[in-house]
>>> print(open('coords-v1.tsv').read())   # TSV, C-alpha atoms and all ligand atoms
chain	number	residue	atom	x	y	z
A	7	MET	CA	78.72	-54.76	2.20
A	8	ASN	CA	75.59	-56.49	0.96
A	9	LEU	CA	76.51	-60.10	1.77
A	10	LEU	CA	74.57	-63.28	1.11
A	11	ASN	CA	74.16	-65.68	4.03
A	12	ILE	CA	74.29	-69.16	2.54
A	13	ALA	CA	73.82	-72.56	4.12
A	14	GLU	CA	75.11	-74.72	1.30
A	15	ILE	CA	75.95	-74.84	-2.38
A	16	CYS	CA	76.08	-77.54	-5.01
A	17	PRO	CA	78.12	-76.61	-8.08
A	18	ALA	CA	76.53	-79.13	-10.42
A	19	THR	CA	73.26	-81.03	-10.31
A	20	HIS	CA	70.47	-82.15	-12.61
A	21	ALA	CA	67.99	-82.58	-9.76
A	22	LEU	CA	66.61	-79.05	-9.26
A	23	GLY	CA	65.52	-77.74	-12.62
A	24	PRO	CA	66.24	-78.25	-16.31
A	25	GLY	CA	69.82	-78.87	-17.35
A	26	LYS	CA	73.00	-78.74	-15.34
A	27	ARG	CA	72.54	-76.24	-12.54
A	28	PHE	CA	74.43	-74.57	-9.72
A	29	VAL	CA	72.34	-74.54	-6.54
A	30	ILE	CA	72.47	-72.16	-3.59
A	31	TRP	CA	70.55	-72.79	-0.36
A	32	VAL	CA	70.29	-69.66	1.75
A	33	GLN	CA	70.34	-69.78	5.54
A	34	GLY	CA	67.29	-68.57	7.45
A	35	CYS	CA	63.56	-68.89	6.97
A	36	CYS	CA	60.62	-67.02	8.51
A	37	PHE	CA	58.30	-70.01	8.10
A	38	ARG	CA	58.08	-73.33	9.87
A	39	CYS	CA	56.43	-75.74	7.49
A	40	ARG	CA	55.72	-79.10	9.03
A	41	ASP	CA	58.10	-81.76	7.68
A	42	CYS	CA	60.30	-79.10	6.10
A	43	ILE	CA	62.93	-80.85	4.01
A	44	SER	CA	65.70	-78.58	5.31
A	45	PRO	CA	65.08	-77.80	8.99
A	46	ASP	CA	68.75	-77.05	9.64
A	47	TRP	CA	68.45	-74.05	7.37
A	48	ILE	CA	65.42	-72.47	9.08
A	49	PRO	CA	67.27	-70.68	11.95
A	50	GLN	CA	67.96	-67.08	11.05
A	51	GLU	CA	71.58	-67.19	12.09
A	52	GLN	CA	74.87	-66.51	10.42
A	53	ALA	CA	76.17	-69.37	8.31
A	54	THR	CA	78.59	-68.54	5.49
A	55	LEU	CA	78.65	-64.93	4.39
A	56	VAL	CA	79.68	-64.35	0.79
A	57	ASP	CA	80.03	-61.40	-1.52
A	58	PRO	CA	77.35	-62.00	-4.19
A	59	ARG	CA	79.65	-60.82	-6.99
A	60	GLN	CA	82.39	-63.21	-5.93
A	61	LEU	CA	79.85	-66.01	-5.72
A	62	ALA	CA	78.60	-65.10	-9.19
A	63	ASP	CA	82.15	-65.28	-10.53
A	64	TYR	CA	82.49	-68.74	-9.01
A	65	ILE	CA	79.17	-69.87	-10.49
A	66	LEU	CA	80.22	-68.60	-13.91
A	67	SER	CA	83.55	-70.42	-13.64
A	68	VAL	CA	81.92	-73.86	-13.39
A	69	PRO	CA	82.12	-75.43	-16.87
A	70	GLY	CA	78.88	-76.43	-18.52
A	71	THR	CA	76.56	-74.67	-16.11
A	72	GLU	CA	73.19	-73.96	-17.71
A	73	GLY	CA	71.33	-72.44	-14.81
A	74	LEU	CA	71.18	-71.33	-11.20
A	75	THR	CA	68.60	-72.48	-8.67
A	76	VAL	CA	68.14	-70.75	-5.31
A	77	SER	CA	66.33	-72.42	-2.45
A	78	GLY	CA	66.66	-72.41	1.29
A	79	GLY	CA	65.77	-71.24	3.77
A	80	GLU	CA	63.73	-68.36	2.46
A	81	PRO	CA	65.53	-66.60	-0.39
A	82	MET	CA	63.39	-63.47	-0.34
A	83	LEU	CA	64.62	-62.58	3.15
A	84	GLN	CA	67.88	-61.79	1.37
A	85	ALA	CA	66.41	-60.12	-1.67
A	86	SER	CA	68.92	-57.28	-1.70
A	87	ALA	CA	71.96	-59.56	-1.92
A	88	LEU	CA	70.13	-61.86	-4.34
A	89	SER	CA	69.35	-58.89	-6.54
A	90	THR	CA	73.06	-58.11	-6.72
A	91	LEU	CA	73.87	-61.74	-7.51
A	92	PHE	CA	71.20	-62.12	-10.19
A	93	THR	CA	72.01	-58.77	-11.81
A	94	TYR	CA	75.65	-59.79	-12.12
A	95	ILE	CA	74.69	-63.19	-13.53
A	96	ARG	CA	72.40	-61.53	-16.06
A	97	GLN	CA	75.09	-59.07	-17.10
A	98	HIS	CA	77.70	-61.77	-17.67
A	99	SER	CA	75.86	-64.86	-18.86
A	100	ASP	CA	72.75	-66.42	-20.27
A	101	LEU	CA	72.10	-68.75	-17.33
A	102	SER	CA	68.52	-69.46	-16.42
A	103	ILE	CA	67.50	-68.57	-12.87
A	104	ILE	CA	64.96	-70.50	-10.79
A	105	CYS	CA	64.03	-69.36	-7.29
A	106	PHE	CA	61.89	-70.98	-4.61
A	107	SER	CA	59.99	-68.95	-2.01
A	108	GLY	CA	57.58	-69.75	0.81
A	109	PHE	CA	55.85	-66.44	0.04
A	110	THR	CA	53.32	-66.48	-2.77
A	111	LEU	CA	53.95	-64.25	-5.77
A	112	GLU	CA	51.01	-62.10	-4.71
A	113	GLN	CA	52.48	-61.65	-1.22
A	114	LEU	CA	55.84	-60.70	-2.67
A	115	GLN	CA	54.30	-58.17	-5.03
A	116	ALA	CA	52.24	-56.70	-2.18
A	117	GLN	CA	55.34	-56.01	-0.08
A	118	SER	CA	56.38	-53.13	-2.35
A	119	ASP	CA	59.98	-53.93	-1.56
A	120	SER	CA	62.29	-52.62	-4.27
A	121	ALA	CA	64.81	-55.44	-3.85
A	122	ILE	CA	62.09	-58.11	-4.11
A	123	SER	CA	60.62	-56.36	-7.12
A	124	GLN	CA	64.06	-56.32	-8.71
A	125	VAL	CA	64.57	-60.04	-8.01
A	126	LEU	CA	61.24	-60.82	-9.67
A	127	THR	CA	62.40	-59.06	-12.84
A	128	LEU	CA	65.59	-61.14	-12.92
A	129	ILE	CA	64.37	-64.71	-12.45
A	130	ASP	CA	62.87	-67.01	-15.07
A	131	VAL	CA	60.82	-69.23	-12.78
A	132	LEU	CA	59.44	-68.66	-9.29
A	133	ILE	CA	58.13	-71.70	-7.39
A	134	ASP	CA	56.08	-70.18	-4.60
A	135	GLY	CA	54.16	-71.12	-1.50
A	136	LEU	CA	54.64	-73.06	1.70
A	137	TYR	CA	55.19	-76.79	1.86
A	138	VAL	CA	52.02	-78.65	2.86
A	139	PRO	CA	52.74	-82.34	3.54
A	140	GLU	CA	49.14	-83.42	2.84
A	141	LEU	CA	49.46	-81.94	-0.66
A	142	ASN	CA	52.72	-83.64	-1.52
A	143	ASP	CA	51.75	-85.38	-4.76
A	144	ASN	CA	55.16	-87.01	-5.21
A	145	LYS	CA	55.70	-85.31	-8.56
A	146	GLY	CA	57.86	-82.60	-10.05
A	147	TRP	CA	60.29	-80.02	-8.74
A	148	ARG	CA	57.88	-78.64	-6.15
A	149	GLY	CA	57.22	-80.03	-2.72
A	150	SER	CA	53.43	-79.89	-2.70
A	151	SER	CA	50.69	-79.22	-5.22
A	152	ASN	CA	49.64	-75.88	-3.66
A	153	GLN	CA	52.96	-74.43	-4.76
A	154	ILE	CA	52.59	-72.57	-8.05
A	155	VAL	CA	55.23	-72.59	-10.78
A	156	HIS	CA	55.28	-69.08	-12.21
A	157	PHE	CA	57.02	-68.71	-15.55
A	158	LEU	CA	58.10	-65.08	-15.31
A	159	THR	CA	59.88	-65.35	-18.67
A	160	SER	CA	59.19	-67.67	-21.59
A	161	ARG	CA	62.49	-69.51	-21.14
A	162	HIS	CA	61.22	-72.74	-19.59
A	163	ILE	CA	57.61	-72.76	-20.73
A	164	ARG	CA	58.21	-75.63	-23.14
A	165	GLU	CA	59.44	-77.68	-20.17
A	166	ALA	CA	56.54	-76.66	-17.94
A	167	SER	CA	55.30	-80.18	-17.34
A	168	LEU	CA	58.66	-81.19	-15.87
A	169	PHE	CA	58.15	-78.79	-12.98
A	170	THR	CA	54.86	-80.35	-11.92
A	171	GLU	CA	54.71	-83.86	-13.40
A	172	ARG	CA	58.23	-85.19	-13.56
A	173	LYS	CA	59.05	-88.40	-11.70
A	174	ARG	CA	61.11	-87.32	-8.73
A	175	ASP	CA	64.71	-88.20	-8.15
A	176	VAL	CA	67.49	-86.96	-5.92
A	177	GLU	CA	71.25	-86.90	-6.05
A	178	ILE	CA	73.38	-87.67	-3.01
A	179	HIS	CA	76.60	-85.67	-3.03
A	180	LEU	CA	79.22	-87.12	-0.72
A	181	SER	CA	82.13	-85.22	0.80
A	182	ASP	CA	84.63	-86.28	3.47
A	183	GLU	CA	82.22	-86.34	6.41
A	184	SER	CA	78.84	-85.42	5.06
A	185	ALA	CA	76.18	-86.31	2.54
A	186	LEU	CA	74.08	-83.67	0.81
A	187	MET	CA	70.72	-84.59	-0.67
A	188	VAL	CA	69.95	-82.50	-3.74
A	189	GLY	CA	66.50	-82.40	-5.31
A	190	VAL	CA	62.87	-82.73	-4.29
A	191	PRO	CA	62.77	-86.20	-2.78
A	192	PRO	CA	60.19	-88.89	-3.44
A	193	LEU	CA	57.72	-89.41	-0.58
A	194	ASN	CA	59.36	-90.63	2.64
A	195	PHE	CA	62.83	-90.53	1.11
A	196	SER	CA	64.09	-87.59	3.19
A	197	GLN	CA	63.13	-89.26	6.49
A	198	ILE	CA	64.99	-92.40	5.46
A	199	PHE	CA	67.96	-90.30	4.32
A	200	GLN	CA	68.11	-88.33	7.57
A	201	ALA	CA	67.88	-91.51	9.60
A	202	LEU	CA	70.77	-92.99	7.67
B	301	LIG	S1	59.46	-72.22	3.45
B	301	LIG	FE1	60.83	-73.88	2.82
B	301	LIG	S2	62.64	-73.71	4.17
B	301	LIG	FE2	61.01	-72.47	5.09
B	301	LIG	S3	60.03	-73.88	6.56
B	301	LIG	FE3	58.85	-74.01	4.63
B	301	LIG	S4	59.77	-75.75	3.52
B	301	LIG	FE4	61.22	-75.15	5.15
>>> encode(input="coords-v1.tsv", output="structure tokens", more="lines below")
Ligand code: SF4
Amino acid sequence: MNLLNIAEICPATHALGPGKRFVIWVQGCCFRCRDCISPDWIPQEQATLVDPRQLADYILSVPGTEGLTVSGGEPMLQASALSTLFTYIRQHSDLSIICFSGFTLEQLQAQSDSAISQVLTLIDVLIDGLYVPELNDNKGWRGSSNQIVHFLTSRHIREASLFTERKRDVEIHLSDESALMVGVPPLNFSQIFQAL
């Protein structure tokens, strides 16, 4: 079965895109950006394997959800499973879909990978490119200013400035023994958070 290997989920946040969103972080990345915000999710190892259709049903069961954001890790390493997930979401809802990738859009298009091509037809916004600490401008829902926000549909164009100019904030989601930081943190916040 075409399973999705996920590191973490957050069923409801306002910190990673417009509106109330479900967030998935996939496990495994092929890049090693310096000062990566999520180093625990770089190893390409098995974390939690889920059936994308079952995950989609769960996402759709969360009341008030307006969108889905996928980050990581590198989502495009799991393009086949993501394609299944996004197709199901599209068939059963009107949720917006935002996806991050360390690959640029041009690199993804050059791969001629049918699953990646399919994913690109299903998402509303792609935020692409590697994280470059020197270009972290402390604004918006992208980590550094080299990352391009591609509006692949018209859905979020009216909110375009939020993606690149918005004052940053994060949410801290607490569970029994852990704390999950959700969002693109203000400068130096993630180091302080990890130290805590
Ligand atoms: S692409 Fe993202 S997850 Fe991968 S190393 Fe860079 S910042 Fe970290």
>>> closest_atom_pairs(input="coords-v1.tsv", of="chain A", to="ligand LIG 301 (chain B)", cutoff="12 Å", atoms="all atoms listed in the file", output="CSV")
residue,atom,partner,partner_atom,distance
A:Ala13,CA,B:LIG301,S2,11.2
A:Trp31,CA,B:LIG301,S2,9.2
A:Val32,CA,B:LIG301,S2,9.0
A:Gln33,CA,B:LIG301,S2,8.8
A:Gly34,CA,B:LIG301,S2,7.7
A:Cys35,CA,B:LIG301,FE2,4.8
A:Cys36,CA,B:LIG301,FE2,6.4
A:Phe37,CA,B:LIG301,S3,4.5
A:Arg38,CA,B:LIG301,S3,3.9
A:Cys39,CA,B:LIG301,FE3,4.1
A:Arg40,CA,B:LIG301,S3,7.2
A:Asp41,CA,B:LIG301,S4,7.5
A:Cys42,CA,B:LIG301,FE4,4.2
A:Ile43,CA,B:LIG301,S4,6.0
A:Ser44,CA,B:LIG301,FE4,5.6
A:Pro45,CA,B:LIG301,FE4,6.1
A:Asp46,CA,B:LIG301,S2,8.9
A:Trp47,CA,B:LIG301,S2,6.6
A:Ile48,CA,B:LIG301,S2,5.8
A:Pro49,CA,B:LIG301,FE2,9.5
A:Gln50,CA,B:LIG301,FE2,10.6
A:Val76,CA,B:LIG301,S2,11.4
A:Ser77,CA,B:LIG301,S2,7.7
A:Gly78,CA,B:LIG301,S2,5.1
A:Gly79,CA,B:LIG301,S2,4.0
A:Glu80,CA,B:LIG301,FE2,5.6
A:Pro81,CA,B:LIG301,S2,8.9
A:Met82,CA,B:LIG301,S1,10.3
A:Leu83,CA,B:LIG301,FE2,10.7
A:Cys105,CA,B:LIG301,FE1,11.5
A:Phe106,CA,B:LIG301,FE1,8.0
A:Ser107,CA,B:LIG301,S1,6.4
A:Gly108,CA,B:LIG301,S1,4.1
A:Phe109,CA,B:LIG301,S1,7.6
A:Thr110,CA,B:LIG301,S1,10.5
A:Ile133,CA,B:LIG301,FE1,10.8
A:Asp134,CA,B:LIG301,S1,9.0
A:Gly135,CA,B:LIG301,S1,7.3
A:Leu136,CA,B:LIG301,S1,5.2
A:Tyr137,CA,B:LIG301,S4,5.0
A:Val138,CA,B:LIG301,S4,8.3
A:Pro139,CA,B:LIG301,S4,9.6
A:Asn142,CA,B:LIG301,S4,11.7
A:Arg148,CA,B:LIG301,S4,10.3
A:Gly149,CA,B:LIG301,S4,8.0
A:Ser150,CA,B:LIG301,S4,9.8
A:Gln153,CA,B:LIG301,S1,10.7
A:Val190,CA,B:LIG301,S4,10.9
>>> residues_around(input="coords-v1.tsv", residues="Glu165 in chain A", least_positions_apart="3", cutoff="12 Å", atoms="all atoms listed in the file", output="ChimeraX atom specification")
/A:23-25,131,146-147,155,157,160-162,168-172
>>> write_last_selection(input="coords-v1.tsv", atoms="C-alpha atoms", output="compact mmCIF listing (two decimals), in the coordinates of the input")
# COMPACT_ATOMS: atom_id res chain seq x y z
CA GLY A 23 65.52 -77.74 -12.62
CA PRO A 24 66.24 -78.25 -16.31
CA GLY A 25 69.82 -78.87 -17.35
CA VAL A 131 60.82 -69.23 -12.78
CA GLY A 146 57.86 -82.60 -10.05
CA TRP A 147 60.29 -80.02 -8.74
CA VAL A 155 55.23 -72.59 -10.78
CA PHE A 157 57.02 -68.71 -15.55
CA SER A 160 59.19 -67.67 -21.59
CA ARG A 161 62.49 -69.51 -21.14
CA HIS A 162 61.22 -72.74 -19.59
CA LEU A 168 58.66 -81.19 -15.87
CA PHE A 169 58.15 -78.79 -12.98
CA THR A 170 54.86 -80.35 -11.92
CA GLU A 171 54.71 -83.86 -13.40
CA ARG A 172 58.23 -85.19 -13.56
>>> closest_residue(input="coords-v1.tsv", among="A:Gln117, A:Thr159, A:Asn11, A:Ser181", to="Ala53 in chain A", atoms="all atoms listed in the file")
A:Asn11
>>> closest_residue(input="coords-v1.tsv", among="A:Ile122, A:Ala166, A:Val29, A:Asp143", to="Gln84 in chain A", atoms="only C-alpha atoms")
A:Ile122
>>> residues_near_point(input="coords-v1.tsv", point="(69.0, -58.0, -16.7)", cutoff="12 Å", atoms="all atoms listed in the file", output="list of chain:residue names")
A:Ser89, A:Thr90, A:Leu91, A:Phe92, A:Thr93, A:Tyr94, A:Ile95, A:Arg96, A:Gln97, A:His98, A:Ser99, A:Asp100, A:Leu101, A:Ser102, A:Ile103, A:Gln124, A:Val125, A:Leu126, A:Thr127, A:Leu128, A:Ile129, A:Asp130, A:Thr159
>>> residues_around(input="coords-v1.tsv", residues="Leu202 in chain A", least_positions_apart="3", cutoff="12 Å", atoms="only C-alpha atoms", output="PyMOL selection string")
chain A and resi 184-185+187+195-199
>>> atom_distance(input="coords-v1.tsv", atom1="CA of Leu132 in chain A", atom2="CA of Ala116 in chain A")
15.7 Å
>>> atom_distance(input="coords-v1.tsv", atom1="CA of Leu10 in chain A", atom2="CA of Leu88 in chain A")
7.2 Å
>>> residues_around(input="coords-v1.tsv", residues="Met7 in chain A", least_positions_apart="4", cutoff="10 Å", atoms="all atoms listed in the file", output="ChimeraX atom specification")
/A:56-58,87
>>> write_last_selection(input="coords-v1.tsv", atoms="C-alpha atoms", output="PDB file, in the coordinates of the input")
ATOM      1  CA  VAL A  56      79.680 -64.350   0.790  1.00  0.00           C
ATOM      2  CA  ASP A  57      80.030 -61.400  -1.520  1.00  0.00           C
ATOM      3  CA  PRO A  58      77.350 -62.000  -4.190  1.00  0.00           C
ATOM      4  CA  ALA A  87      71.960 -59.560  -1.920  1.00  0.00           C
TER       5      ALA A  87
END
>>> closest_residue(input="coords-v1.tsv", among="A:Lys26, A:Asn152, A:Glu183, A:Lys145", to="Ser167 in chain A", atoms="only C-alpha atoms")
A:Lys145
>>> closest_residue(input="coords-v1.tsv", among="A:Gln60, A:Asn8, A:Thr54, A:Thr75", to="Leu22 in chain A", atoms="all atoms listed in the file")
A:Thr75
>>> closest_residue(input="coords-v1.tsv", among="A:Leu111, A:Thr71, A:Leu61, A:Ala18", to="Ile154 in chain A", atoms="all atoms listed in the file")
A:Leu111
>>> atom_distance(input="coords-v1.tsv", atom1="CA of Ile12 in chain A", atom2="CA of Ile104 in chain A")
16.3 Å
>>> residues_around(input="coords-v1.tsv", residues="Gly189 in chain A", least_positions_apart="3", cutoff="9 Å", atoms="only C-alpha atoms", output="PDB file with C-alpha atoms, in the frame of the given file")
ATOM      1  CA  THR A  19      73.260 -81.030 -10.310  1.00  0.00           C
ATOM      2  CA  HIS A  20      70.470 -82.150 -12.610  1.00  0.00           C
ATOM      3  CA  ALA A  21      67.990 -82.580  -9.760  1.00  0.00           C
ATOM      4  CA  LEU A  22      66.610 -79.050  -9.260  1.00  0.00           C
ATOM      5  CA  GLY A  23      65.520 -77.740 -12.620  1.00  0.00           C
ATOM      6  CA  TRP A 147      60.290 -80.020  -8.740  1.00  0.00           C
ATOM      7  CA  ARG A 174      61.110 -87.320  -8.730  1.00  0.00           C
ATOM      8  CA  ASP A 175      64.710 -88.200  -8.150  1.00  0.00           C
ATOM      9  CA  VAL A 176      67.490 -86.960  -5.920  1.00  0.00           C
ATOM     10  CA  GLU A 177      71.250 -86.900  -6.050  1.00  0.00           C
ATOM     11  CA  ILE A 178      73.380 -87.670  -3.010  1.00  0.00           C
TER      12      ILE A 178
END
>>> decode(input="coords-v1.tsv", residues="range 80-104 of chain A", atoms="N, CA, C and O atoms", output="compact mmCIF listing (two decimals), in the first residue's frame")
# COMPACT_ATOMS: atom_id res chain seq x y z
N GLU A 80 10.88 16.61 3.85
CA GLU A 80 10.68 17.02 2.46
C GLU A 80 9.46 16.32 1.89
O GLU A 80 9.52 15.12 1.55
N PRO A 81 8.36 17.03 1.74
CA PRO A 81 7.13 16.39 1.26
C PRO A 81 7.26 15.70 -0.09
O PRO A 81 6.67 14.64 -0.31
N MET A 82 8.04 16.28 -1.00
CA MET A 82 8.05 15.73 -2.36
C MET A 82 8.76 14.37 -2.45
O MET A 82 8.66 13.69 -3.47
N LEU A 83 9.46 13.97 -1.38
CA LEU A 83 10.01 12.61 -1.37
C LEU A 83 8.89 11.58 -1.25
O LEU A 83 9.11 10.39 -1.46
N GLN A 84 7.72 12.04 -0.86
CA GLN A 84 6.57 11.14 -0.71
C GLN A 84 5.43 11.60 -1.62
O GLN A 84 4.26 11.57 -1.23
N ALA A 85 5.80 11.99 -2.80
CA ALA A 85 4.81 12.59 -3.70
C ALA A 85 3.69 11.61 -4.05
O ALA A 85 2.53 12.02 -4.21
N SER A 86 3.99 10.36 -4.16
CA SER A 86 2.96 9.40 -4.55
C SER A 86 1.85 9.33 -3.48
O SER A 86 0.66 9.42 -3.80
N ALA A 87 2.26 9.17 -2.22
CA ALA A 87 1.27 9.11 -1.15
C ALA A 87 0.56 10.46 -0.99
O ALA A 87 -0.64 10.51 -0.72
N LEU A 88 1.31 11.54 -1.16
CA LEU A 88 0.69 12.86 -1.05
C LEU A 88 -0.34 13.07 -2.16
O LEU A 88 -1.39 13.68 -1.95
N SER A 89 -0.03 12.56 -3.33
CA SER A 89 -0.96 12.68 -4.44
C SER A 89 -2.28 11.99 -4.10
O SER A 89 -3.36 12.52 -4.37
N THR A 90 -2.18 10.82 -3.49
CA THR A 90 -3.39 10.10 -3.06
C THR A 90 -4.16 10.92 -2.02
O THR A 90 -5.38 11.06 -2.10
N LEU A 91 -3.43 11.45 -1.05
CA LEU A 91 -4.06 12.25 0.01
C LEU A 91 -4.75 13.48 -0.57
O LEU A 91 -5.93 13.75 -0.28
N PHE A 92 -4.03 14.22 -1.40
CA PHE A 92 -4.58 15.48 -1.94
C PHE A 92 -5.76 15.21 -2.87
O PHE A 92 -6.74 15.96 -2.89
N THR A 93 -5.66 14.15 -3.67
CA THR A 93 -6.76 13.81 -4.58
C THR A 93 -8.02 13.53 -3.78
O THR A 93 -9.12 14.02 -4.13
N TYR A 94 -7.88 12.78 -2.71
CA TYR A 94 -9.03 12.44 -1.87
C TYR A 94 -9.61 13.71 -1.23
O TYR A 94 -10.82 13.91 -1.20
N ILE A 95 -8.72 14.57 -0.74
CA ILE A 95 -9.18 15.84 -0.14
C ILE A 95 -9.94 16.66 -1.17
O ILE A 95 -11.01 17.22 -0.89
N ARG A 96 -9.41 16.74 -2.37
CA ARG A 96 -10.05 17.52 -3.43
C ARG A 96 -11.42 16.94 -3.79
O ARG A 96 -12.35 17.67 -4.11
N GLN A 97 -11.50 15.61 -3.78
CA GLN A 97 -12.77 14.97 -4.17
C GLN A 97 -13.86 15.14 -3.11
O GLN A 97 -15.03 15.05 -3.43
N HIS A 98 -13.45 15.38 -1.86
CA HIS A 98 -14.43 15.37 -0.78
C HIS A 98 -14.55 16.69 -0.03
O HIS A 98 -15.26 16.76 0.98
N SER A 99 -13.86 17.72 -0.46
CA SER A 99 -13.92 18.98 0.29
C SER A 99 -13.46 20.14 -0.57
O SER A 99 -13.02 19.95 -1.71
N ASP A 100 -13.53 21.31 0.04
CA ASP A 100 -13.03 22.51 -0.62
C ASP A 100 -11.86 23.10 0.18
O ASP A 100 -11.64 24.31 0.18
N LEU A 101 -11.14 22.26 0.90
CA LEU A 101 -10.01 22.76 1.70
C LEU A 101 -8.93 23.32 0.79
O LEU A 101 -8.69 22.81 -0.30
N SER A 102 -8.27 24.35 1.27
CA SER A 102 -7.09 24.82 0.55
C SER A 102 -5.90 23.95 0.94
O SER A 102 -5.88 23.37 2.03
N ILE A 103 -4.94 23.85 0.05
CA ILE A 103 -3.76 23.01 0.30
C ILE A 103 -2.51 23.84 0.05
O ILE A 103 -2.31 24.38 -1.04
N ILE A 104 -1.67 23.92 1.09
CA ILE A 104 -0.37 24.59 1.01
C ILE A 104 0.70 23.54 1.25
O ILE A 104 0.57 22.70 2.14
